[in-house]
$ cat coords-v2.txt   # compact mmCIF, C-alpha atoms
# COMPACT_ATOMS: atom_id res chain seq x y z
CA MET A 1281 55.23 40.10 69.72
CA ASN A 1282 58.30 37.98 69.81
CA GLY A 1283 60.77 40.32 71.47
CA PRO A 1284 60.17 43.31 73.68
CA ALA A 1285 56.46 43.70 73.07
CA ALA A 1286 53.21 42.63 74.66
CA PRO A 1287 49.80 42.47 72.95
CA ASP A 1288 47.66 45.56 73.22
CA THR A 1289 44.49 44.58 75.06
CA ARG A 1290 42.59 47.82 74.50
CA PRO A 1291 39.20 47.40 72.79
CA ALA A 1292 39.46 47.95 69.06
CA VAL A 1293 36.93 50.77 68.85
CA GLY A 1294 36.94 52.80 65.68
CA ARG A 1295 38.51 52.10 62.34
CA ALA A 1296 40.30 48.80 61.76
CA ARG A 1297 44.06 48.78 62.28
CA ALA A 1298 45.06 45.36 60.95
CA LEU A 1299 46.86 45.90 57.64
CA PRO A 1300 48.85 43.58 55.39
CA ALA A 1301 52.55 43.63 56.22
CA GLU A 1302 53.46 44.87 52.74
CA VAL A 1303 51.36 48.04 53.10
CA PRO A 1304 53.60 50.93 54.24
CA LEU A 1305 53.04 52.04 57.80
CA ARG A 1306 51.54 55.55 57.91
CA ILE A 1307 52.87 57.71 60.73
CA VAL A 1308 52.65 61.26 62.06
CA LEU A 1309 55.73 62.72 63.77
CA VAL A 1310 55.37 65.13 66.70
CA ASP A 1311 58.29 67.05 68.22
CA ASP A 1312 58.68 70.68 69.22
CA HIS A 1313 62.13 70.85 67.59
CA VAL A 1314 62.07 71.10 63.79
CA MET A 1315 65.61 69.74 63.64
CA ILE A 1316 64.50 66.56 65.43
CA LEU A 1317 61.62 66.15 63.00
CA LYS A 1318 64.01 66.46 60.07
CA GLY A 1319 66.35 63.98 61.70
CA LEU A 1320 63.58 61.44 62.21
CA LYS A 1321 62.43 61.80 58.61
CA ALA A 1322 66.00 61.34 57.39
CA MET A 1323 66.42 58.25 59.57
CA LEU A 1324 63.19 56.75 58.22
CA ALA A 1325 63.85 57.67 54.58
CA PRO A 1326 65.76 54.44 53.73
CA PHE A 1327 62.69 52.45 54.79
CA GLY A 1328 60.24 54.12 52.43
CA ASP A 1329 58.79 50.78 51.37
CA ARG A 1330 57.82 50.05 54.98
CA VAL A 1331 56.96 53.41 56.50
CA LEU A 1332 55.43 56.63 55.17
CA VAL A 1333 55.46 59.93 57.07
CA VAL A 1334 52.05 61.45 56.30
CA GLY A 1335 52.23 64.42 58.65
CA GLU A 1336 54.19 66.25 61.30
CA ALA A 1337 53.52 68.74 64.08
CA THR A 1338 55.50 70.82 66.56
CA ASP A 1339 52.83 71.27 69.25
CA ALA A 1340 49.91 69.37 70.74
CA ASP A 1341 47.10 71.38 69.14
CA SER A 1342 48.45 71.06 65.61
CA ALA A 1343 49.18 67.38 66.28
CA VAL A 1344 45.53 66.76 67.12
CA SER A 1345 44.49 68.43 63.86
CA VAL A 1346 47.02 66.54 61.74
CA VAL A 1347 46.10 63.20 63.27
CA ALA A 1348 42.38 63.88 62.76
CA LYS A 1349 43.02 64.67 59.10
CA GLU A 1350 45.49 61.90 58.24
CA GLU A 1351 44.28 59.08 60.53
CA PRO A 1352 47.77 57.51 60.71
CA ASP A 1353 48.50 53.99 61.89
CA VAL A 1354 50.88 55.30 64.55
CA VAL A 1355 51.72 58.68 66.10
CA LEU A 1356 55.40 58.99 67.09
CA CYS A 1357 55.69 61.72 69.69
CA ASP A 1358 58.37 63.22 71.91
CA VAL A 1359 57.56 62.72 75.57
CA ARG A 1360 58.17 66.45 76.16
CA LEU A 1361 56.55 69.24 74.15
CA ARG A 1362 56.32 72.99 74.63
CA GLY A 1363 53.15 73.86 76.51
CA ALA A 1364 52.09 70.24 77.01
CA SER A 1365 53.69 66.86 77.49
CA GLY A 1366 53.57 63.96 75.10
CA LEU A 1367 51.59 62.17 77.80
CA ASP A 1368 48.93 64.89 77.68
CA LEU A 1369 48.79 64.66 73.90
CA CYS A 1370 48.48 60.89 74.12
CA ARG A 1371 45.47 61.24 76.40
CA ARG A 1372 43.84 63.80 74.09
CA LEU A 1373 44.29 61.60 71.04
CA LEU A 1374 42.87 58.56 72.81
CA GLU A 1375 39.90 60.54 74.08
CA ARG A 1376 39.13 61.36 70.46
CA ASP A 1377 39.79 57.86 69.13
CA ARG A 1378 40.52 54.86 71.35
CA ALA A 1379 41.99 53.05 68.33
CA CYS A 1380 44.76 55.65 67.99
CA ARG A 1381 48.21 54.21 68.66
CA VAL A 1382 50.79 56.54 70.19
CA VAL A 1383 54.46 55.71 70.69
CA LEU A 1384 56.46 58.04 72.93
CA LEU A 1385 60.11 58.83 72.24
CA SER A 1386 62.24 59.78 75.23
CA VAL A 1387 65.75 60.28 76.55
CA TYR A 1388 64.65 59.01 79.98
CA ASP A 1389 65.48 55.37 80.68
CA ASP A 1390 63.60 55.30 83.99
CA GLN A 1391 60.86 52.70 84.41
CA GLN A 1392 58.66 55.28 86.12
CA TYR A 1393 58.40 57.14 82.81
CA VAL A 1394 57.40 53.89 81.12
CA PHE A 1395 54.71 53.39 83.73
CA GLN A 1396 53.38 56.91 83.17
CA ALA A 1397 53.32 56.32 79.42
CA LEU A 1398 51.39 53.06 79.77
CA ARG A 1399 48.99 54.66 82.23
CA ALA A 1400 48.34 57.43 79.69
CA GLY A 1401 47.41 54.75 77.15
CA ALA A 1402 50.56 54.82 75.00
CA SER A 1403 51.23 51.80 72.80
CA GLY A 1404 54.97 52.14 73.19
CA TYR A 1405 57.90 53.81 74.91
CA LEU A 1406 61.20 53.97 73.02
CA LEU A 1407 64.49 55.71 73.76
CA LYS A 1408 65.87 58.21 71.28
CA ARG A 1409 69.09 56.27 70.83
CA ILE A 1410 67.18 53.62 68.87
CA ASP A 1411 68.30 53.09 65.26
CA GLY A 1412 66.12 53.33 62.17
CA GLU A 1413 65.73 49.60 61.56
CA GLU A 1414 64.64 48.95 65.14
CA LEU A 1415 62.30 51.93 65.13
CA VAL A 1416 60.50 50.78 61.99
CA ARG A 1417 60.23 47.23 63.33
CA TYR A 1418 58.73 48.37 66.63
CA LEU A 1419 56.32 50.74 64.90
CA GLN A 1420 55.12 47.84 62.74
CA HIS A 1421 54.51 45.79 65.87
CA VAL A 1422 52.45 48.66 67.30
CA ARG A 1423 50.41 48.90 64.11
CA ASP A 1424 49.68 45.20 64.49
CA GLY A 1425 48.21 45.77 67.94
CA GLU A 1426 51.16 45.21 70.24
CA THR A 1427 52.68 47.34 72.99
CA VAL A 1428 56.44 47.90 72.75
CA ILE A 1429 59.02 48.88 75.35
CA ASP A 1430 62.56 49.91 74.51
CA PRO A 1431 64.88 46.87 74.63
CA THR A 1432 67.13 48.60 77.18
CA LEU A 1433 64.26 48.79 79.65
CA ALA A 1434 62.84 45.41 78.71
CA GLY A 1435 66.32 43.96 79.16
CA GLN A 1436 66.20 44.87 82.84
CA ALA A 1437 63.30 42.47 83.24
CA VAL A 1438 65.11 39.74 81.29
CA GLY A 1439 68.03 40.13 83.66
CA ALA A 1440 65.62 39.71 86.54
CA VAL A 1441 64.49 36.39 85.07
CA ALA A 1442 68.08 35.15 84.99
CA ARG A 1443 68.54 36.06 88.65
CA LEU A 1444 65.23 34.44 89.51
CA GLN A 1445 66.22 31.20 87.82
CA LYS A 1446 69.46 31.18 89.81
CA GLY A 1447 67.44 31.61 92.99
CA GLU A 1448 69.25 34.84 93.82
CA TYR A 1449 66.10 36.66 94.87
CA TRP A 1450 62.34 36.49 94.64
CA PRO A 1451 60.68 39.74 93.57
CA GLY A 1452 56.92 39.89 93.78
CA ALA A 1453 56.75 37.85 96.99
CA GLU A 1454 55.32 40.83 98.86
CA ARG A 1455 52.44 40.85 96.39
CA GLY A 1456 51.87 37.14 96.97
CA LEU A 1457 53.44 36.02 93.69
CA THR A 1458 55.05 32.60 93.58
CA HIS A 1459 58.58 32.18 92.26
CA ARG A 1460 57.21 30.97 88.91
CA GLU A 1461 54.66 33.78 88.69
CA SER A 1462 57.48 36.26 89.26
CA GLU A 1463 59.36 34.72 86.34
CA VAL A 1464 56.30 34.95 84.12
CA LEU A 1465 55.64 38.57 85.14
CA ALA A 1466 59.25 39.53 84.39
CA LEU A 1467 58.89 38.08 80.90
CA LEU A 1468 55.61 39.94 80.42
CA VAL A 1469 57.47 43.15 81.27
CA ALA A 1470 60.11 42.14 78.72
CA GLY A 1471 57.35 41.94 76.12
CA LEU A 1472 57.26 38.20 75.48
CA SER A 1473 54.07 36.52 74.28
CA ASN A 1474 52.59 33.57 76.16
CA ARG A 1475 54.06 31.23 73.55
CA ALA A 1476 57.51 32.77 73.92
CA ILE A 1477 57.26 32.57 77.72
CA ALA A 1478 56.35 28.88 77.47
CA ALA A 1479 59.41 28.24 75.31
CA ARG A 1480 61.68 30.30 77.56
CA LEU A 1481 60.59 28.54 80.76
CA THR A 1482 59.97 25.12 79.15
CA LEU A 1483 56.32 25.12 80.17
CA GLY A 1484 53.10 24.17 78.43
CA GLY A 1485 50.96 26.90 76.95
CA GLU A 1486 48.05 26.22 79.30
CA THR A 1487 50.39 26.28 82.28
CA VAL A 1488 51.62 29.73 81.29
CA LYS A 1489 48.03 30.93 80.87
CA SER A 1490 47.24 29.63 84.35
CA HIS A 1491 50.20 31.52 85.85
CA VAL A 1492 49.19 34.68 83.98
CA ARG A 1493 45.61 34.47 85.27
CA SER A 1494 46.87 33.92 88.80
CA LEU A 1495 49.25 36.88 88.78
CA TYR A 1496 46.52 39.09 87.27
CA ARG A 1497 44.32 38.20 90.23
CA LYS A 1498 47.07 38.87 92.77
CA LEU A 1499 48.00 42.19 91.18
CA ASP A 1500 44.31 43.12 90.82
CA VAL A 1501 44.56 43.73 87.07
CA THR A 1502 42.69 42.43 84.04
CA ASP A 1503 45.29 42.43 81.28
CA ARG A 1504 49.02 42.28 80.65
CA THR A 1505 49.43 45.99 79.97
CA LYS A 1506 48.09 46.76 83.46
CA ALA A 1507 50.25 44.00 84.95
CA VAL A 1508 53.33 45.50 83.33
CA ALA A 1509 52.31 48.95 84.61
CA VAL A 1510 52.06 47.63 88.19
CA ALA A 1511 55.46 45.94 87.93
CA LEU A 1512 57.05 49.15 86.63
CA ARG A 1513 55.27 51.42 89.09
CA GLU A 1514 56.30 49.35 92.09
CA GLY A 1515 59.80 48.67 90.80
CA ILE A 1516 59.37 44.92 91.34
CA PHE A 1517 62.30 43.99 89.10
CA ARG A 1518 64.77 46.72 89.97

$ encode --input "coords-v2.txt" --output "C-alpha cells"
Amino acid sequence: MNGPAAPDTRPAVGRARALPAEVPLRIVLVDDHVMILKGLKAMLAPFGDRVLVVGEATDADSAVSVVAKEEPDVVLCDVRLRGASGLDLCRRLLERDRACRVVLLSVYDDQQYVFQALRAGASGYLLKRIDGEELVRYLQHVRDGETVIDPTLAGQAVGAVARLQKGEYWPGAERGLTHRESEVLALLVAGLSNRAIAARLTLGGETVKSHVRSLYRKLDVTDRTKAVAVALREGIFR
C-alpha cells in the first residue's frame, strides 16, 4: 500500500480475496453498543457504491455466526466487547478461516495495542476518530491483502525517519540495526511498500530488499508484519 499500510504476508488459505476495485467491499460490523453500530452504518452510507454492510453483531458468539454465514471481505470490530475482547474474536475468526481479514477499531493510540492486534492476526488497527472516506479507503486496502495502521500511529514512525535522517538518534542500534536499516524499519512501520521506501530514501529497489532481508535476520522475523510487531512491542521508535 502506498500510505500507512504494509502487505499482508499471511498464506492465502481458503476462498480468494482479490476482487475488482469496482465491486463493493462486503463488511460485517461488530460492536457491543447498538448506537455505535448505527453510527458506523450512517458514516458508511454515503459510500454505498464502494462498501456494503452485510451483517452486524453485538457480541463475539453472534459475530462468529454472522461471519460464517456472510463470508465478508472484512470484519470491522471494536477492540473491546462485552464478555470477550476484539482480540479474542479476531483469534477465533482466524482459527476458523485464516483468510478472514479483521480490522480493529479503538480509542487507544498506544503502540502496545497495535502490537497486540498484529500478534492476534488482525489486518488493521484504526482509531475511532477516523472519518468515513479514510475508513473506506483503508478497508479496501485490507481487502486487497494489505495491513493498515492508523495514520496517527504510523505518523510516529515517519517522524522517527525525519529524526534519523538528521542524525538526531539511532533507534534499533541495540538490536544490531544499521542507521539505514533503522530508517527502512521505520518506514515499514509507517506502512510504506518497498517501492515507496526506495523513493523516499532515494535507493534502488534491490538495495531496499537487501536492507529488509538484513533487518528481518537481525530481528529474527520472516516477514514485515512480524518486523513491525517487534518494533512496536519494543518501542524502538518512541

$ atom_distance --input "coords-v2.txt" --atom1 "CA of Met1323 (chain A)" --atom2 "CA of Arg1372 (chain A)"
27.4 Å

$ closest_residue --input "coords-v2.txt" --among "A:Lys1506, A:Glu1350, A:Val1308, A:Glu1514" --to "Arg1399 (chain A)" --atoms "only C-alpha atoms"
A:Lys1506

$ residues_around --input "coords-v2.txt" --residues "Cys1370 (chain A)" --least-positions-apart "4" --cutoff "7 Å" --atoms "all atoms listed in the file" --output "PDB file with C-alpha atoms, in the coordinates of the input"
ATOM      1  CA  GLY A1366      53.570  63.960  75.100  1.00  0.00           C
ATOM      2  CA  LEU A1374      42.870  58.560  72.810  1.00  0.00           C
ATOM      3  CA  VAL A1382      50.790  56.540  70.190  1.00  0.00           C
ATOM      4  CA  ALA A1400      48.340  57.430  79.690  1.00  0.00           C
ATOM      5  CA  GLY A1401      47.410  54.750  77.150  1.00  0.00           C
ATOM      6  CA  ALA A1402      50.560  54.820  75.000  1.00  0.00           C
TER       7      ALA A1402
END

$ atom_distance --input "coords-v2.txt" --atom1 "CA of Val1334 (chain A)" --atom2 "CA of Cys1380 (chain A)"
14.9 Å

$ atom_distance --input "coords-v2.txt" --atom1 "CA of Ser1473 (chain A)" --atom2 "CA of Thr1427 (chain A)"
11.0 Å

$ closest_residue --input "coords-v2.txt" --among "A:Ile1477, A:Leu1495, A:Leu1367, A:Ala1379" --to "Gln1396 (chain A)" --atoms "only C-alpha atoms"
A:Leu1367

$ residues_around --input "coords-v2.txt" --residues "Asp1311 (chain A)" --least-positions-apart "4" --cutoff "9 Å" --atoms "all atoms listed in the file" --output "number ranges by chain"
A: 1316-1317, 1336-1339, 1356-1362, 1366

$ closest_residue --input "coords-v2.txt" --among "A:Ile1429, A:Val1383, A:Leu1398, A:Leu1324" --to "Gly1471 (chain A)" --atoms "only C-alpha atoms"
A:Ile1429

$ closest_residue --input "coords-v2.txt" --among "A:Val1464, A:Leu1457, A:Ala1470, A:Leu1499" --to "Asp1430 (chain A)" --atoms "only C-alpha atoms"
A:Ala1470

$ closest_residue --input "coords-v2.txt" --among "A:Ala1479, A:Val1469, A:Ile1516, A:Leu1407" --to "Gly1452 (chain A)" --atoms "only C-alpha atoms"
A:Ile1516

$ residues_near_point --input "coords-v2.txt" --point "(47.0, 69.6, 74.4)" --cutoff "8 Å" --atoms "all atoms listed in the file" --output "ChimeraX atom specification"
/A:1339-1341,1344,1363-1365,1368-1369,1372

$ write_last_selection --input "coords-v2.txt" --atoms "C-alpha atoms" --output "short mmCIF file (atom, residue, chain, number, x, y, z; two decimals), keeping the file's coordinate frame"
data_model
loop_
_atom_site.label_atom_id
_atom_site.label_comp_id
_atom_site.auth_asym_id
_atom_site.auth_seq_id
_atom_site.Cartn_x
_atom_site.Cartn_y
_atom_site.Cartn_z
CA ASP A 1339 52.83 71.27 69.25
CA ALA A 1340 49.91 69.37 70.74
CA ASP A 1341 47.10 71.38 69.14
CA VAL A 1344 45.53 66.76 67.12
CA GLY A 1363 53.15 73.86 76.51
CA ALA A 1364 52.09 70.24 77.01
CA SER A 1365 53.69 66.86 77.49
CA ASP A 1368 48.93 64.89 77.68
CA LEU A 1369 48.79 64.66 73.90
CA ARG A 1372 43.84 63.80 74.09
#

$ closest_residue --input "coords-v2.txt" --among "A:Val1347, A:Leu1415, A:Val1394, A:Leu1309" --to "Val1333 (chain A)" --atoms "all atoms listed in the file"
A:Leu1309

$ axis_aligned_box --input "coords-v2.txt" --around "region 1490-1508 of chain A" --padding-each-side "8 Å" --output "JSON"
{"center_x": 48.0, "center_y": 38.2, "center_z": 86.4, "size_x": 26.6, "size_y": 33.1, "size_z": 28.8}

$ residues_near_point --input "coords-v2.txt" --point "(54.1, 32.0, 84.3)" --cutoff "10 Å" --atoms "all atoms listed in the file" --output "short mmCIF file (atom, residue, chain, number, x, y, z; two decimals) with C-alpha atoms, in the coordinates of the input"
data_model
loop_
_atom_site.label_atom_id
_atom_site.label_comp_id
_atom_site.auth_asym_id
_atom_site.auth_seq_id
_atom_site.Cartn_x
_atom_site.Cartn_y
_atom_site.Cartn_z
CA THR A 1458 55.05 32.60 93.58
CA HIS A 1459 58.58 32.18 92.26
CA ARG A 1460 57.21 30.97 88.91
CA GLU A 1461 54.66 33.78 88.69
CA SER A 1462 57.48 36.26 89.26
CA GLU A 1463 59.36 34.72 86.34
CA VAL A 1464 56.30 34.95 84.12
CA LEU A 1465 55.64 38.57 85.14
CA ALA A 1466 59.25 39.53 84.39
CA LEU A 1467 58.89 38.08 80.90
CA LEU A 1468 55.61 39.94 80.42
CA ASN A 1474 52.59 33.57 76.16
CA ILE A 1477 57.26 32.57 77.72
CA ALA A 1478 56.35 28.88 77.47
CA LEU A 1481 60.59 28.54 80.76
CA LEU A 1483 56.32 25.12 80.17
CA GLY A 1484 53.10 24.17 78.43
CA GLY A 1485 50.96 26.90 76.95
CA GLU A 1486 48.05 26.22 79.30
CA THR A 1487 50.39 26.28 82.28
CA VAL A 1488 51.62 29.73 81.29
CA LYS A 1489 48.03 30.93 80.87
CA SER A 1490 47.24 29.63 84.35
CA HIS A 1491 50.20 31.52 85.85
CA VAL A 1492 49.19 34.68 83.98
CA ARG A 1493 45.61 34.47 85.27
CA SER A 1494 46.87 33.92 88.80
CA LEU A 1495 49.25 36.88 88.78
#
